[in-house]
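**Student:** Contents of protein_18.cif (mmCIF, C-alpha atoms) are given next:
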```cif
data_query
#
loop_
_atom_site.label_atom_id
_atom_site.label_comp_id
_atom_site.auth_asym_id
_atom_site.auth_seq_id
_atom_site.Cartn_x
_atom_site.Cartn_y
_atom_site.Cartn_z
CA MET A 1 -44.30 129.05 27.84
CA ASN A 2 -43.72 132.35 26.06
CA LYS A 3 -45.72 133.45 23.03
CA LYS A 4 -42.96 132.72 20.51
CA MET A 5 -42.51 129.12 21.74
CA PHE A 6 -46.30 128.64 21.60
CA TRP A 7 -46.35 129.70 17.96
CA LEU A 8 -43.36 127.46 17.09
CA LEU A 9 -44.94 124.42 18.74
CA SER A 10 -48.21 125.17 16.97
CA LEU A 11 -46.43 125.26 13.62
CA THR A 12 -44.69 121.95 14.41
CA VAL A 13 -47.99 120.30 15.28
CA VAL A 14 -49.65 121.57 12.12
CA ALA A 15 -46.70 120.35 10.01
CA GLY A 16 -46.98 116.92 11.60
CA MET A 17 -50.69 116.77 10.84
CA LEU A 18 -50.05 117.67 7.21
CA LEU A 19 -47.36 114.97 6.87
CA ALA A 20 -49.70 112.41 8.36
CA ALA A 21 -52.45 113.40 6.00
CA CYS A 22 -50.15 112.94 3.00
CA ALA A 23 -48.82 109.49 4.05
CA PRO A 24 -50.04 106.38 2.14
CA SER A 25 -53.12 104.74 3.62
CA ALA A 26 -52.52 101.50 5.51
CA GLU A 27 -55.50 99.96 3.73
CA LEU A 28 -53.96 100.41 0.26
CA THR A 29 -50.28 99.51 0.85
CA GLU A 30 -48.35 96.90 2.73
CA ALA A 31 -46.95 97.83 6.05
CA PRO A 32 -43.29 98.88 5.76
CA GLU A 33 -40.54 96.75 7.23
CA PRO A 34 -39.53 97.88 10.71
CA THR A 35 -36.52 100.19 10.70
CA ALA A 36 -34.29 101.58 13.36
CA ALA A 37 -35.75 104.53 15.21
CA GLU A 38 -34.66 107.85 13.76
CA PRO A 39 -34.06 110.97 15.88
CA GLU A 40 -36.87 113.53 16.02
CA PRO A 41 -36.23 116.49 13.69
CA THR A 42 -35.36 119.74 15.43
CA ALA A 43 -37.98 122.46 14.98
CA VAL A 44 -36.61 125.27 12.83
CA PRO A 45 -37.81 128.75 13.83
CA ALA A 46 -39.99 130.29 11.17
CA GLU A 47 -38.84 133.49 9.52
CA PRO A 48 -40.42 136.56 11.13
CA THR A 49 -43.61 137.66 9.41
CA GLU A 50 -43.71 141.32 8.43
CA LEU A 51 -46.87 143.33 9.00
CA ILE A 52 -47.21 146.85 7.59
CA VAL A 53 -48.82 149.44 9.87
CA TRP A 54 -49.95 152.86 8.70
CA ALA A 55 -49.82 155.38 11.56
CA ASP A 56 -49.53 159.10 12.12
CA ALA A 57 -46.47 160.84 13.55
CA ASN A 58 -47.72 160.75 17.15
CA ARG A 59 -48.36 157.01 17.30
CA ALA A 60 -45.65 155.72 14.93
CA PRO A 61 -42.78 155.83 17.49
CA VAL A 62 -44.77 153.82 20.06
CA ILE A 63 -45.60 151.13 17.50
CA ASN A 64 -42.03 151.08 16.23
CA GLU A 65 -40.49 150.64 19.64
CA LEU A 66 -42.86 149.06 22.15
CA GLY A 67 -45.11 147.42 19.58
CA ASN A 68 -42.20 145.70 17.89
CA GLN A 69 -40.78 144.63 21.23
CA PHE A 70 -43.99 142.75 22.03
CA ALA A 71 -44.65 141.55 18.47
CA SER A 72 -41.19 139.99 18.21
CA GLU A 73 -42.29 137.43 20.81
CA LEU A 74 -44.82 136.22 18.23
CA GLY A 75 -42.23 136.08 15.47
CA ILE A 76 -43.72 139.21 13.88
CA THR A 77 -41.98 142.35 12.68
CA LEU A 78 -44.02 145.55 12.49
CA THR A 79 -42.94 147.94 9.76
CA VAL A 80 -44.48 151.33 10.40
CA GLN A 81 -45.11 153.63 7.48
CA GLU A 82 -45.80 157.13 8.76
CA MET A 83 -48.67 158.98 7.13
CA GLY A 84 -50.82 162.00 7.90
CA PHE A 85 -53.83 160.89 9.91
CA GLY A 86 -56.25 162.52 7.50
CA ASP A 87 -54.67 160.77 4.50
CA ILE A 88 -54.91 157.17 5.71
CA ARG A 89 -58.52 156.49 4.72
CA ASP A 90 -58.20 157.74 1.16
CA GLN A 91 -54.82 156.12 0.59
CA LEU A 92 -56.13 152.74 1.78
CA ALA A 93 -58.83 152.86 -0.88
CA VAL A 94 -56.11 153.25 -3.54
CA ALA A 95 -53.28 151.07 -2.23
CA GLY A 96 -55.31 148.23 -0.70
CA PRO A 97 -56.91 146.90 -3.91
CA ALA A 98 -53.54 147.24 -5.68
CA GLY A 99 -51.90 144.92 -3.16
CA GLU A 100 -49.60 147.65 -1.89
CA GLY A 101 -51.45 148.68 1.24
CA PRO A 102 -50.98 148.00 4.96
CA ASP A 103 -52.10 145.16 7.17
CA ILE A 104 -53.16 147.47 10.01
CA ILE A 105 -54.25 151.12 10.01
CA ILE A 106 -54.97 153.78 12.58
CA GLY A 107 -58.24 155.59 11.98
CA ALA A 108 -61.29 157.38 13.33
CA HIS A 109 -64.52 155.53 14.00
CA ASP A 110 -66.54 157.88 11.84
CA TRP A 111 -64.66 156.55 8.79
CA LEU A 112 -66.26 153.19 9.40
CA GLY A 113 -69.36 153.53 7.26
CA GLN A 114 -67.30 154.39 4.19
CA LEU A 115 -64.61 151.80 4.92
CA VAL A 116 -67.08 148.93 5.38
CA ALA A 117 -69.28 149.94 2.46
CA ASN A 118 -66.21 149.88 0.20
CA GLY A 119 -64.95 146.57 1.58
CA LEU A 120 -61.71 148.05 2.93
CA VAL A 121 -61.58 146.67 6.50
CA SER A 122 -62.23 143.29 8.12
CA PRO A 123 -64.35 142.45 11.18
CA LEU A 124 -62.59 141.47 14.39
CA ASP A 125 -63.25 139.20 17.35
CA LEU A 126 -61.99 140.76 20.58
CA GLY A 127 -63.25 137.91 22.74
CA ALA A 128 -62.64 138.45 26.46
CA LYS A 129 -60.58 141.56 25.66
CA ALA A 130 -63.78 143.49 24.98
CA SER A 131 -64.40 143.90 28.72
CA GLU A 132 -61.20 145.95 29.02
CA PHE A 133 -62.53 148.83 26.90
CA LEU A 134 -65.01 151.65 27.39
CA PRO A 135 -68.28 150.16 26.08
CA ALA A 136 -69.19 153.28 24.11
CA ALA A 137 -65.80 153.16 22.38
CA LEU A 138 -66.44 149.58 21.28
CA THR A 139 -69.90 150.57 20.05
CA ALA A 140 -68.28 153.30 17.98
CA PHE A 141 -66.27 150.71 16.06
CA ALA A 142 -69.24 148.38 15.56
CA TYR A 143 -71.11 148.36 12.27
CA GLU A 144 -74.15 146.26 11.46
CA GLY A 145 -73.50 144.09 14.49
CA GLN A 146 -69.81 143.40 13.84
CA GLN A 147 -66.71 144.81 15.53
CA TYR A 148 -64.17 146.45 13.22
CA GLY A 149 -61.71 148.22 15.47
CA VAL A 150 -59.68 148.16 18.66
CA PRO A 151 -60.21 151.64 20.17
CA TYR A 152 -57.38 153.46 21.92
CA ALA A 153 -58.56 157.05 22.51
CA THR A 154 -61.73 159.09 22.82
CA GLU A 155 -62.63 162.75 22.59
CA ASN A 156 -65.72 164.73 23.49
CA VAL A 157 -66.86 168.15 24.53
CA ALA A 158 -67.70 169.10 28.11
CA PHE A 159 -69.46 171.95 29.92
CA VAL A 160 -66.67 174.41 30.73
CA CYS A 161 -67.46 177.21 33.18
CA ASN A 162 -65.74 180.35 34.45
CA SER A 163 -65.32 179.76 38.19
CA ALA A 164 -65.72 183.44 39.02
CA LEU A 165 -69.02 183.76 37.15
CA ALA A 166 -70.37 180.31 38.00
CA PRO A 167 -68.93 179.31 41.38
CA THR A 168 -71.78 176.83 41.58
CA VAL A 169 -71.90 175.00 38.28
CA PRO A 170 -75.43 174.68 36.83
CA THR A 171 -76.53 171.05 36.93
CA THR A 172 -79.77 171.50 34.97
CA TRP A 173 -80.68 173.66 32.00
CA ASP A 174 -83.20 175.40 34.24
CA ASP A 175 -80.25 176.36 36.43
CA VAL A 176 -78.58 177.83 33.33
CA GLN A 177 -81.65 179.96 32.68
CA THR A 178 -81.67 181.12 36.32
CA LEU A 179 -77.96 181.98 36.19
CA ALA A 180 -78.56 183.98 33.00
CA ASP A 181 -81.22 186.05 34.79
CA GLU A 182 -78.87 186.70 37.71
CA LEU A 183 -75.78 187.60 35.69
CA GLU A 184 -77.63 189.82 33.22
CA SER A 185 -79.37 191.63 36.07
CA SER A 186 -76.14 192.32 37.94
CA SER A 187 -74.14 193.32 34.83
CA SER A 188 -76.78 195.30 32.94
CA GLY A 189 -76.82 192.59 30.31
CA ALA A 190 -73.06 192.60 29.67
CA THR A 191 -72.59 189.07 30.99
CA THR A 192 -74.75 186.01 30.57
CA ALA A 193 -74.71 182.34 31.52
CA TRP A 194 -74.25 180.37 28.32
CA THR A 195 -73.82 180.63 24.61
CA ILE A 196 -73.43 178.30 21.66
CA GLN A 197 -72.46 178.65 18.03
CA THR A 198 -75.47 179.57 15.94
CA ASN A 199 -74.95 176.75 13.44
CA ASP A 200 -73.30 173.98 15.41
CA PRO A 201 -75.04 170.58 15.60
CA TYR A 202 -72.00 168.89 17.16
CA HIS A 203 -71.92 171.14 20.24
CA TYR A 204 -75.72 171.31 20.30
CA PHE A 205 -76.13 167.54 20.66
CA PRO A 206 -75.53 167.33 24.48
CA LEU A 207 -78.41 169.76 24.99
CA MET A 208 -80.66 167.78 22.67
CA SER A 209 -79.74 164.42 24.21
CA SER A 210 -80.44 165.71 27.73
CA PHE A 211 -84.09 166.11 26.73
CA GLY A 212 -84.16 162.68 25.09
CA GLY A 213 -83.57 163.86 21.52
CA TYR A 214 -81.48 161.82 19.11
CA VAL A 215 -80.27 161.75 15.52
CA PHE A 216 -80.74 158.08 14.64
CA GLY A 217 -82.11 155.30 16.79
CA LEU A 218 -79.37 153.14 18.30
CA THR A 219 -79.86 149.36 18.36
CA ASP A 220 -77.64 146.41 19.24
CA ALA A 221 -76.65 146.25 15.58
CA GLY A 222 -75.73 149.96 15.45
CA TYR A 223 -77.49 153.12 14.31
CA ASP A 224 -80.77 152.68 12.43
CA ALA A 225 -81.08 155.18 9.58
CA SER A 226 -84.78 154.44 9.24
CA ASP A 227 -85.34 155.95 12.71
CA VAL A 228 -84.65 159.68 12.34
CA GLY A 229 -84.95 161.47 15.68
CA LEU A 230 -84.60 165.17 14.87
CA ASP A 231 -88.36 165.54 15.31
CA SER A 232 -88.60 163.21 18.31
CA PRO A 233 -90.34 164.63 21.41
CA GLY A 234 -86.95 165.12 23.09
CA ALA A 235 -85.48 166.99 20.15
CA ILE A 236 -88.53 169.27 20.02
CA ALA A 237 -88.34 169.85 23.79
CA ALA A 238 -84.69 170.89 23.54
CA ALA A 239 -85.41 173.24 20.65
CA THR A 240 -88.32 174.74 22.58
CA TRP A 241 -86.00 175.41 25.52
CA VAL A 242 -83.57 177.21 23.20
CA GLU A 243 -86.47 179.19 21.77
CA ALA A 244 -87.37 180.32 25.30
CA MET A 245 -83.77 181.42 25.91
CA VAL A 246 -83.87 183.48 22.72
CA ASP A 247 -87.20 185.04 23.64
CA ALA A 248 -85.83 185.99 27.06
CA GLY A 249 -82.84 187.70 25.47
CA HIS A 250 -80.37 185.20 26.92
CA LEU A 251 -78.94 183.95 23.64
CA ASP A 252 -77.40 185.95 20.81
CA ALA A 253 -77.18 184.95 17.15
CA ASP A 254 -74.21 185.15 14.76
CA VAL A 255 -71.90 183.35 17.16
CA ASN A 256 -69.13 181.20 15.67
CA TYR A 257 -66.29 179.26 17.31
CA ASP A 258 -63.97 182.23 17.70
CA VAL A 259 -66.71 184.51 19.04
CA MET A 260 -67.88 181.88 21.52
CA HIS A 261 -64.39 181.44 22.96
CA ALA A 262 -63.68 185.16 22.97
CA LEU A 263 -66.85 185.74 25.00
CA PHE A 264 -65.77 183.06 27.45
CA THR A 265 -62.16 184.11 27.92
CA GLY A 266 -63.28 187.75 28.03
CA GLY A 267 -65.61 187.08 30.95
CA GLN A 268 -68.82 187.87 29.06
CA VAL A 269 -70.28 184.38 29.25
CA ALA A 270 -70.05 181.98 32.15
CA CYS A 271 -70.25 178.58 30.42
CA ILE A 272 -69.72 177.04 26.99
CA GLY A 273 -69.45 173.58 25.51
CA THR A 274 -65.98 172.89 24.15
CA GLY A 275 -63.31 170.23 23.89
CA PRO A 276 -59.75 169.61 25.08
CA TRP A 277 -58.45 171.27 21.92
CA ALA A 278 -59.46 174.62 23.47
CA LEU A 279 -57.69 174.07 26.78
CA GLN A 280 -54.44 175.82 25.99
CA ALA A 281 -56.19 178.99 24.82
CA ILE A 282 -58.34 178.99 27.95
CA LYS A 283 -55.29 178.53 30.17
CA ASP A 284 -53.44 181.31 28.37
CA SER A 285 -56.37 183.68 28.98
CA GLY A 286 -55.95 183.37 32.72
CA VAL A 287 -59.61 182.51 33.30
CA SER A 288 -60.23 180.21 36.24
CA TYR A 289 -62.28 177.32 34.89
CA THR A 290 -63.98 174.04 35.70
CA ILE A 291 -64.69 171.15 33.35
CA ASN A 292 -68.03 169.49 33.98
CA SER A 293 -70.66 167.14 32.64
CA PHE A 294 -73.46 168.84 30.71
CA PRO A 295 -76.57 170.02 32.57
CA ALA A 296 -79.58 167.76 32.75
CA GLY A 297 -82.82 168.17 30.87
CA ASP A 298 -85.93 166.04 31.19
CA GLU A 299 -83.98 162.82 30.52
CA GLY A 300 -80.84 163.35 32.56
CA PRO A 301 -77.39 164.90 31.97
CA GLY A 302 -76.45 165.79 28.42
CA ARG A 303 -74.58 163.08 26.54
CA PRO A 304 -72.04 164.46 24.07
CA PHE A 305 -70.97 162.80 20.86
CA LEU A 306 -67.99 160.55 21.38
CA GLY A 307 -65.24 160.53 18.79
CA VAL A 308 -63.06 157.43 18.92
CA GLN A 309 -59.76 156.49 17.33
CA GLY A 310 -58.51 152.95 16.98
CA PHE A 311 -56.75 150.23 14.99
CA MET A 312 -58.34 148.34 12.09
CA VAL A 313 -57.26 145.45 9.86
CA SER A 314 -57.17 146.00 6.11
CA ALA A 315 -59.42 143.63 4.16
CA PHE A 316 -56.54 143.24 1.69
CA SER A 317 -54.02 141.98 4.26
CA GLU A 318 -52.61 138.54 3.43
CA ASN A 319 -52.04 137.96 7.15
CA GLN A 320 -55.51 138.53 8.59
CA LEU A 321 -55.18 136.27 11.63
CA LEU A 322 -51.71 137.53 12.55
CA ALA A 323 -52.87 141.14 12.20
CA GLN A 324 -55.80 140.46 14.52
CA THR A 325 -53.46 138.71 16.96
CA VAL A 326 -51.25 141.80 17.05
CA LEU A 327 -54.28 143.97 17.83
CA THR A 328 -55.51 141.79 20.69
CA GLU A 329 -52.22 140.50 22.14
CA VAL A 330 -49.87 143.44 21.55
CA PHE A 331 -51.88 146.64 21.17
CA ALA A 332 -54.72 145.78 23.59
CA THR A 333 -52.44 145.75 26.63
CA GLU A 334 -52.11 148.22 29.46
CA GLU A 335 -48.43 148.93 28.79
CA PHE A 336 -48.97 149.68 25.11
CA MET A 337 -52.13 151.75 25.68
CA SER A 338 -50.36 153.69 28.42
CA ALA A 339 -47.52 154.49 26.03
CA LEU A 340 -50.01 155.78 23.44
CA TYR A 341 -51.57 158.01 26.09
CA THR A 342 -48.15 159.39 27.05
CA ALA A 343 -47.29 160.10 23.41
CA GLU A 344 -50.43 162.20 22.94
CA PRO A 345 -52.52 162.63 26.08
CA ARG A 346 -56.23 162.22 25.47
CA PRO A 347 -58.81 160.12 27.34
CA SER A 348 -57.96 156.49 26.76
CA ALA A 349 -60.52 153.96 25.53
CA TYR A 350 -58.68 151.32 27.56
CA LEU A 351 -60.29 151.32 30.99
CA ALA A 352 -57.17 150.64 33.07
CA VAL A 353 -55.39 153.62 31.52
CA ARG A 354 -58.49 155.81 31.47
CA ASP A 355 -59.13 155.24 35.18
CA ALA A 356 -55.49 155.95 36.07
CA THR A 357 -55.30 159.30 34.24
CA SER A 358 -53.52 161.80 36.48
CA ASP A 359 -54.20 164.91 34.39
CA ALA A 360 -57.19 166.50 36.13
CA ASP A 361 -58.46 168.27 33.00
CA LEU A 362 -58.34 165.16 30.83
CA ALA A 363 -59.93 163.12 33.61
CA ALA A 364 -62.75 165.69 33.75
CA PHE A 365 -63.29 165.49 29.99
CA ALA A 366 -63.30 161.70 30.23
CA ALA A 367 -65.91 161.87 33.00
CA ALA A 368 -68.08 164.19 30.90
CA GLY A 369 -67.91 161.68 28.06
CA ALA A 370 -68.27 158.51 30.11
CA ASP A 371 -71.86 158.10 28.92
CA GLY A 372 -71.26 159.74 25.57
CA LEU A 373 -72.83 158.40 22.41
CA PRO A 374 -70.57 157.56 19.48
CA MET A 375 -71.12 159.89 16.59
CA PRO A 376 -73.05 157.91 13.95
CA ALA A 377 -70.60 156.50 11.41
CA ILE A 378 -73.25 155.31 8.96
CA PRO A 379 -73.25 156.86 5.47
CA GLU A 380 -76.67 158.42 6.08
CA MET A 381 -75.11 160.82 8.59
CA SER A 382 -73.97 162.96 5.67
CA SER A 383 -77.64 163.74 5.03
CA VAL A 384 -78.09 165.16 8.54
CA TRP A 385 -75.58 167.94 9.17
CA GLU A 386 -76.87 170.68 6.88
CA ALA A 387 -80.55 170.29 7.76
CA TRP A 388 -79.76 170.04 11.48
CA GLY A 389 -77.47 173.08 11.43
CA ASN A 390 -80.06 175.11 9.54
CA ALA A 391 -82.64 174.18 12.18
CA THR A 392 -80.50 175.47 15.06
CA THR A 393 -79.83 178.66 13.10
CA LEU A 394 -83.51 179.28 12.42
CA VAL A 395 -84.37 178.86 16.12
CA ILE A 396 -81.50 180.96 17.49
CA THR A 397 -82.15 183.77 15.00
CA GLY A 398 -85.85 183.70 15.86
CA GLN A 399 -86.97 182.91 12.32
CA GLN A 400 -88.84 179.73 13.23
CA SER A 401 -90.13 178.05 16.36
CA GLY A 402 -88.22 175.10 17.71
CA GLU A 403 -90.94 172.70 16.69
CA GLU A 404 -91.29 174.01 13.15
CA ALA A 405 -87.54 174.12 12.52
CA PHE A 406 -86.84 170.59 13.72
CA MET A 407 -89.93 169.05 12.13
CA ASN A 408 -88.78 170.48 8.80
CA ALA A 409 -85.20 169.33 9.36
CA ALA A 410 -86.30 165.75 10.03
CA ALA A 411 -88.44 165.74 6.89
CA GLN A 412 -85.49 166.99 4.83
CA VAL A 413 -83.24 164.26 6.22
CA ARG A 414 -85.75 161.52 5.43
CA THR A 415 -86.12 162.83 1.89
CA LEU A 416 -82.35 162.86 1.36
CA ILE A 417 -81.93 159.34 2.73
CA ALA A 418 -84.71 158.08 0.50
CA GLY A 419 -82.99 159.69 -2.46
CA GLU A 420 -86.12 161.54 -3.51
#
```
Spit out the file's structure as structure tokens when you get a sec.
**Tutor:**
Amino acid sequence: MNKKMFWLLSLTVVAGMLLAACAPSAELTEAPEPTAAEPEPTAVPAEPTELIVWADANRAPVINELGNQFASELGITLTVQEMGFGDIRDQLAVAGPAGEGPDIIIGAHDWLGQLVANGLVSPLDLGAKASEFLPAALTAFAYEGQQYGVPYATENVAFVCNSALAPTVPTTWDDVQTLADELESSSSGATTAWTIQTNDPYHYFPLMSSFGGYVFGLTDAGYDASDVGLDSPGAIAAATWVEAMVDAGHLDADVNYDVMHALFTGGQVACIGTGPWALQAIKDSGVSYTINSFPAGDEGPGRPFLGVQGFMVSAFSENQLLAQTVLTEVFATEEFMSALYTAEPRPSAYLAVRDATSDADLAAFAAAGADGLPMPAIPEMSSVWEAWGNATTLVITGQQSGEEAFMNAAAQVRTLIAGE
């Protein structure tokens, strides 16, 4: 039985139950005289139900074509309204309450705190489908113990190295320090092993996590804003390691994104942390490169932040169950997820597509992020970035010790969260 027939039969059964419920009770009326049997009424197909989907230019064609092909089997028509990815969140807050918004949106997981707090999206039940997705991607779309999104793509940074300068990729941060000694000795200090942006918490996180540092404690219900980890033993250990690199002359200050990449493509630094967005520039430079997992600290390999994109159901949709059915029965399929990957290649959150990725670079980024941690999407994260970035700056510029800088940063974050 196909999906459309299943839905039609279900509607027929429900209609029959409603008619039976409305019939006069046998206890209150006389039984009717027997009549000749009448033919069963023929089920009339229901009119297709329209669902509005807000999507960006890269995903809209896939939803329009393949999504509608599958959805039509459920008697559903998907009307895609194309919108800039960065505009979707703010427009939902305006159009949804006015009754003019979508049923389904595409969005980033780090919108979730704001969306849920403002009552803009509905929780989902993925059921058995959950096992088909990267666990960390599902965690990214979970908030206070409930699932709010069907993830389709992930992104993360990896440890990218110049093959000529680092033919053996450092697997620990101690190896990075050793490589810095070797390269600086052989090049009179013109080349070193690793650099990072001076104020860059996002790229700094894999280093911090490798020593056991964290931003907020992660529980089964999501991130716990009462557990600030910038002054945890692991965070202090990572900052102390950076302090030692600065003291040894291995790490320069005043490095931004452009400087970091110029040093790498110019052969002055062997390894950096960067994402797939930098690949084309690296390829154009002619540098031979490898894409690797981050080196290990005291607690294992560095775990980068994971950014996740997915589909969510608007809380203002008048067709909640149908919208969720589209997400689980149409979008959460290998064929549809594969088409999304083809439209804009990036590591898929759908395991069957992720594991079948043929692009070696994207597969390497996916491997580096396999144990990544979703970037906290809770509102309290806005209280973290400035204090954290200032802490890395103070350590790299030598103005404060690692311990002092991160102890102060954690105290600032707690004060901001408390609203003091």
**Student:** Could you list the residues chosen by the PyMOL selection byres ((chain A and resi 233-248) around 6) in this structure as a PyMOL selection string?
**Tutor:** chain A and resi 208+211-213+230-232+249-251+402-403
**Student:** Could you jot down the atom CA of Phe331 of chain A to atom CA of Gly99 of chain A separation for me, Å, one decimal place?
**Tutor:**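 According to the coordinates, atom CA of Phe331 of chain A and atom CA of Gly99 of chain A are separated by 24.4 Å.
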**Student:** So that I can see what lies close to segment 182-184 of chain A, please list as a list in words the residues with an atom at most 10 Å from it, counting all atoms listed in the file and leaving out residues fewer than 5 positions away in the same chain.
**Tutor:** Leu165, Ala166, Val176, Gln177, Gly189, Ala190, Thr191, Thr192, Ala193, Gly249, His250, Gln268, Val269 and Ala270 of chain A
**Student:** Could you please take those selected residues and save C-alpha atoms as a compact mmCIF listing (two decimals), in the coordinates of the input?
**Tutor:**
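The resulting file, part27.txt, is reproduced below:
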```
# COMPACT_ATOMS: atom_id res chain seq x y z
CA LEU A 165 -69.02 183.76 37.15
CA ALA A 166 -70.37 180.31 38.00
CA VAL A 176 -78.58 177.83 33.33
CA GLN A 177 -81.65 179.96 32.68
CA GLY A 189 -76.82 192.59 30.31
CA ALA A 190 -73.06 192.60 29.67
CA THR A 191 -72.59 189.07 30.99
CA THR A 192 -74.75 186.01 30.57
CA ALA A 193 -74.71 182.34 31.52
CA GLY A 249 -82.84 187.70 25.47
CA HIS A 250 -80.37 185.20 26.92
CA GLN A 268 -68.82 187.87 29.06
CA VAL A 269 -70.28 184.38 29.25
CA ALA A 270 -70.05 181.98 32.15
```
**Student:** Applied to this file, what does the PyMOL selection byres ((chain A and resi 225) around 12) return in terms of residues, put as a ChimeraX atom specification?
**Tutor:** /A:144,214-219,221-224,226-230,376-384,410,413-418
**Student:** Closest to Leu263 of chain A among A:Asn319, A:Ser285, A:Gln400, A:Ser293, using all atoms listed in the file?
**Tutor:**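 The shortest atom-to-atom distance to Leu263 of chain A comes from A:Ser285.
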**Student:** Check the smallest atom-to-atom distance from each of A:Ser122, A:Gln146, A:Thr333, A:Thr393 to Asp252 of chain A using only C-alpha atoms, then report the winner.
**Tutor:**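 Closest to Asp252 of chain A, using only C-alpha atoms: A:Thr393.
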**Student:** Any chance you could work out the residue set of the PyMOL selection byres ((chain A and resi 362-364) around 10) here, as a tab-separated table (two decimals) with C-alpha atoms, in the frame of the given file?
**Tutor:**
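Saved to selection_36.tsv:
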```tsv
chain	number	residue	atom	x	y	z
A	155	GLU	CA	-62.63	162.75	22.59
A	158	ALA	CA	-67.70	169.10	28.11
A	159	PHE	CA	-69.46	171.95	29.92
A	275	GLY	CA	-63.31	170.23	23.89
A	276	PRO	CA	-59.75	169.61	25.08
A	279	LEU	CA	-57.69	174.07	26.78
A	290	THR	CA	-63.98	174.04	35.70
A	291	ILE	CA	-64.69	171.15	33.35
A	292	ASN	CA	-68.03	169.49	33.98
A	293	SER	CA	-70.66	167.14	32.64
A	345	PRO	CA	-52.52	162.63	26.08
A	346	ARG	CA	-56.23	162.22	25.47
A	347	PRO	CA	-58.81	160.12	27.34
A	348	SER	CA	-57.96	156.49	26.76
A	354	ARG	CA	-58.49	155.81	31.47
A	355	ASP	CA	-59.13	155.24	35.18
A	356	ALA	CA	-55.49	155.95	36.07
A	357	THR	CA	-55.30	159.30	34.24
A	358	SER	CA	-53.52	161.80	36.48
A	359	ASP	CA	-54.20	164.91	34.39
A	360	ALA	CA	-57.19	166.50	36.13
A	361	ASP	CA	-58.46	168.27	33.00
A	365	PHE	CA	-63.29	165.49	29.99
A	366	ALA	CA	-63.30	161.70	30.23
A	367	ALA	CA	-65.91	161.87	33.00
A	368	ALA	CA	-68.08	164.19	30.90
A	369	GLY	CA	-67.91	161.68	28.06
A	370	ALA	CA	-68.27	158.51	30.11
```
**Student:** Name the closest residue to Asp200 of chain A among the candidates A:Gly273, A:Gly149, A:Gly127, A:Gly86; distances are taken between atoms, counting only C-alpha atoms.
**Tutor:**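 With only C-alpha atoms as the atom set, the closest residue is A:Gly273.
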**Student:** Could you check which of A:Met375, A:Ala93, A:Ala349, A:Ala71 is closest to Ala130 of chain A, using all atoms listed in the file?
**Tutor:**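 The answer is A:Ala349, which sits nearest to Ala130 of chain A.
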**Student:** Return the single residue from A:Leu351, A:Asn156, A:Val169, A:Val330 that is closest to Thr274 of chain A, with distances computed using only C-alpha atoms.
**Tutor:**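 Closest to Thr274 of chain A of all the choices is A:Asn156.
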**Student:** How many Å lie between atom CA of Trp54 of chain A and atom CA of Gly107 of chain A, rounded to one decimal?
**Tutor:**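 Computed distance, atom CA of Trp54 of chain A to atom CA of Gly107 of chain A, equals 9.3 Å.
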**Student:** If I take atom CA of Val313 of chain A and atom CA of Tyr143 of chain A, how far is one from the other in Å, to one decimal?
**Tutor:**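 Computing it gives 14.4 Å between the two atoms.
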